[in-house]
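Data first, discussion second: the structure below is written as structure tokens.
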Amino acid sequence: AGSGALCCSGTGADQPLGGGTARSLRFDTTMAGSVSGVLTVAATTPRAEAANFARTLSLSVLDPSRPSFDPLADVTTIEIDFGSLEKGSASGVKTLPLANRSGALGASWTAGLALEAIVATQPAPMFSTTLATFAGLAAGLSRSFDIRLATDTVGVFTGQYRLDVSDVDLPGAVARSLLVSLRGTVVAVPEPSTLVLLAVAIACGRWWLRRRVA
């Protein structure tokens with residue numbers, strides 16, 4: 001039988017010099033921290049060398065990882081707007097952090113974060129990222145990555161990345177996802193003749209205003 005953080009009990013029989021009888025015990029893992037319980041075994045046969053004995057069992061329970069785009073707050077969805085860029089100009093670049101925030105008991109009681117997959121749920125070839133999957137990010141730390149918008153083609157572009165994350169070596173962990181939504185516009189560069197006409201129009205407008213004032 002179990003007590004403390006241990007639960008479940010049962011009975012069974014084993015033959016002399018037998019291989020033993022397996023019994024399952026379950027720890028209460030609803031709260032993070034160090035938990036313990038006492039396992040008590042009572043034998044009913046008078047021939048048992050140790051008819052009764054008890055053992056204390058302990059277990060470390062970790063909080064799940066806390067993935068976020070902000071090291072100081074829980075942010076799992078973010079929108080990035082690159083604004084308007086001229087065709088052929090330098091690529092638009094946005095730098096983002098991916099953090100594993102500490103749980104209530106601190107970094108030492110929080111599971112590591114694993115980035116399992118990066119999925120372009122709204123594929124847009126004009127967007128690219130330097131982010132790559134990784135096996136573990138300790139709590140309290142973050143990694144920076146870039147997202148780029150290429151300027152080869154004129155148009156209005158939207159896209160989305162889904163980041164599938166999980167806890168490192170934490171049984172029973174639930175997979176989660178973060179979302180990055182993207183938007184950007186690439187505009188054509190004005191032709192030189194257009195710029196000349198614009199300059200002439202501005203000059204004429206100023207001349208006309210001066211004459212009206214005079």
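Going through the structure tokens in order, the chains are called A, B, and so on, while each chain numbers its residues from 1 and the ligands are numbered from 1 in the order shown.
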*Residues flagged strand (DSSP E) by DSSP in range 54-207 of chain A, as a PyMOL selection string*: chain A and resi 54-61+66-68+77-86+92-101+113-122+127-129+134-137+142-149+155-167+176-187
Considering only C-alpha atoms, tabulate each residue of range 97-158 of chain A that lies at most 9 Å from range 59-77 of chain A along with its nearest interatomic pair and the corresponding distance in Å to one decimal; arrange the rows by chain and ascending residue number and present them as JSON lines.
{"residue": "A:Pro97", "atom": "CA", "partner": "A:Phe69", "partner_atom": "CA", "distance": 5.4}
{"residue": "A:Leu98", "atom": "CA", "partner": "A:Phe69", "partner_atom": "CA", "distance": 4.9}
{"residue": "A:Ala99", "atom": "CA", "partner": "A:Ser68", "partner_atom": "CA", "distance": 5.2}
{"residue": "A:Asn100", "atom": "CA", "partner": "A:Pro67", "partner_atom": "CA", "distance": 4.7}
{"residue": "A:Arg101", "atom": "CA", "partner": "A:Arg66", "partner_atom": "CA", "distance": 5.0}
{"residue": "A:Ser102", "atom": "CA", "partner": "A:Arg66", "partner_atom": "CA", "distance": 6.8}
{"residue": "A:Gly103", "atom": "CA", "partner": "A:Asp63", "partner_atom": "CA", "distance": 6.0}
{"residue": "A:Ala104", "atom": "CA", "partner": "A:Asp63", "partner_atom": "CA", "distance": 7.9}
{"residue": "A:Leu105", "atom": "CA", "partner": "A:Asp63", "partner_atom": "CA", "distance": 8.1}
{"residue": "A:Ser108", "atom": "CA", "partner": "A:Leu62", "partner_atom": "CA", "distance": 8.3}
{"residue": "A:Trp109", "atom": "CA", "partner": "A:Leu62", "partner_atom": "CA", "distance": 4.9}
{"residue": "A:Thr110", "atom": "CA", "partner": "A:Asp63", "partner_atom": "CA", "distance": 4.6}
{"residue": "A:Ala111", "atom": "CA", "partner": "A:Ser65", "partner_atom": "CA", "distance": 4.9}
{"residue": "A:Gly112", "atom": "CA", "partner": "A:Ser65", "partner_atom": "CA", "distance": 5.8}
{"residue": "A:Leu113", "atom": "CA", "partner": "A:Ser65", "partner_atom": "CA", "distance": 5.6}
{"residue": "A:Ala114", "atom": "CA", "partner": "A:Ser65", "partner_atom": "CA", "distance": 8.9}
{"residue": "A:Ala138", "atom": "CA", "partner": "A:Ser65", "partner_atom": "CA", "distance": 8.7}
{"residue": "A:Ala139", "atom": "CA", "partner": "A:Ser65", "partner_atom": "CA", "distance": 7.0}
{"residue": "A:Gly140", "atom": "CA", "partner": "A:Pro71", "partner_atom": "CA", "distance": 7.9}
{"residue": "A:Leu141", "atom": "CA", "partner": "A:Pro71", "partner_atom": "CA", "distance": 8.0}
{"residue": "A:Ser142", "atom": "CA", "partner": "A:Pro71", "partner_atom": "CA", "distance": 7.1}
Excluding same-chain residues fewer than 2 positions from Ser89 in chain A, what lies within 9 Å of it counting only C-alpha atoms, as a PDB file with N, CA, C and O atoms, in the first residue's frame?
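selection30.pdb, freshly written:
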ATOM      1  N   LEU A  85       8.238  47.671 -48.808  1.00  0.00           N
ATOM      2  CA  LEU A  85       9.635  47.661 -49.232  1.00  0.00           C
ATOM      3  C   LEU A  85       9.696  47.811 -50.745  1.00  0.00           C
ATOM      4  O   LEU A  85       8.825  47.314 -51.465  1.00  0.00           O
ATOM      5  N   GLU A  86      10.740  48.501 -51.244  1.00  0.00           N
ATOM      6  CA  GLU A  86      10.901  48.651 -52.685  1.00  0.00           C
ATOM      7  C   GLU A  86      11.470  47.367 -53.288  1.00  0.00           C
ATOM      8  O   GLU A  86      12.312  46.698 -52.685  1.00  0.00           O
ATOM      9  N   LYS A  87      11.011  47.054 -54.484  1.00  0.00           N
ATOM     10  CA  LYS A  87      11.516  45.887 -55.197  1.00  0.00           C
ATOM     11  C   LYS A  87      13.020  46.020 -55.406  1.00  0.00           C
ATOM     12  O   LYS A  87      13.525  47.062 -55.800  1.00  0.00           O
ATOM     13  N   SER A  91      16.456  42.791 -48.168  1.00  0.00           N
ATOM     14  CA  SER A  91      15.345  42.029 -47.598  1.00  0.00           C
ATOM     15  C   SER A  91      14.925  42.617 -46.250  1.00  0.00           C
ATOM     16  O   SER A  91      15.755  43.081 -45.465  1.00  0.00           O
ATOM     17  N   GLY A  92      13.625  42.596 -45.995  1.00  0.00           N
ATOM     18  CA  GLY A  92      13.135  42.990 -44.686  1.00  0.00           C
ATOM     19  C   GLY A  92      13.463  41.906 -43.670  1.00  0.00           C
ATOM     20  O   GLY A  92      13.312  40.714 -43.955  1.00  0.00           O
ATOM     21  N   ALA A 150      11.763  38.543 -48.814  1.00  0.00           N
ATOM     22  CA  ALA A 150      12.531  38.848 -50.018  1.00  0.00           C
ATOM     23  C   ALA A 150      11.790  39.905 -50.844  1.00  0.00           C
ATOM     24  O   ALA A 150      10.560  40.022 -50.787  1.00  0.00           O
ATOM     25  N   THR A 151      12.547  40.685 -51.613  1.00  0.00           N
ATOM     26  CA  THR A 151      11.961  41.804 -52.374  1.00  0.00           C
ATOM     27  C   THR A 151      12.096  41.581 -53.874  1.00  0.00           C
ATOM     28  O   THR A 151      12.165  42.532 -54.649  1.00  0.00           O
ATOM     29  N   ASP A 152      12.113  40.331 -54.301  1.00  0.00           N
ATOM     30  CA  ASP A 152      12.276  40.033 -55.727  1.00  0.00           C
ATOM     31  C   ASP A 152      11.018  40.300 -56.540  1.00  0.00           C
ATOM     32  O   ASP A 152      11.096  40.562 -57.746  1.00  0.00           O
TER      33      ASP A 152
END
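Here CA of Gln122 in chain A is placed at a distance of 12.9 Å from CA of Leu163 in chain A.
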*Go through A:Pro125, A:Thr40, A:Val93, A:Glu116 one by one, measure the shortest atom-to-atom distance of each to Ala175 in chain A using only C-alpha atoms, and give the residue with the smallest value.*
A:Glu116
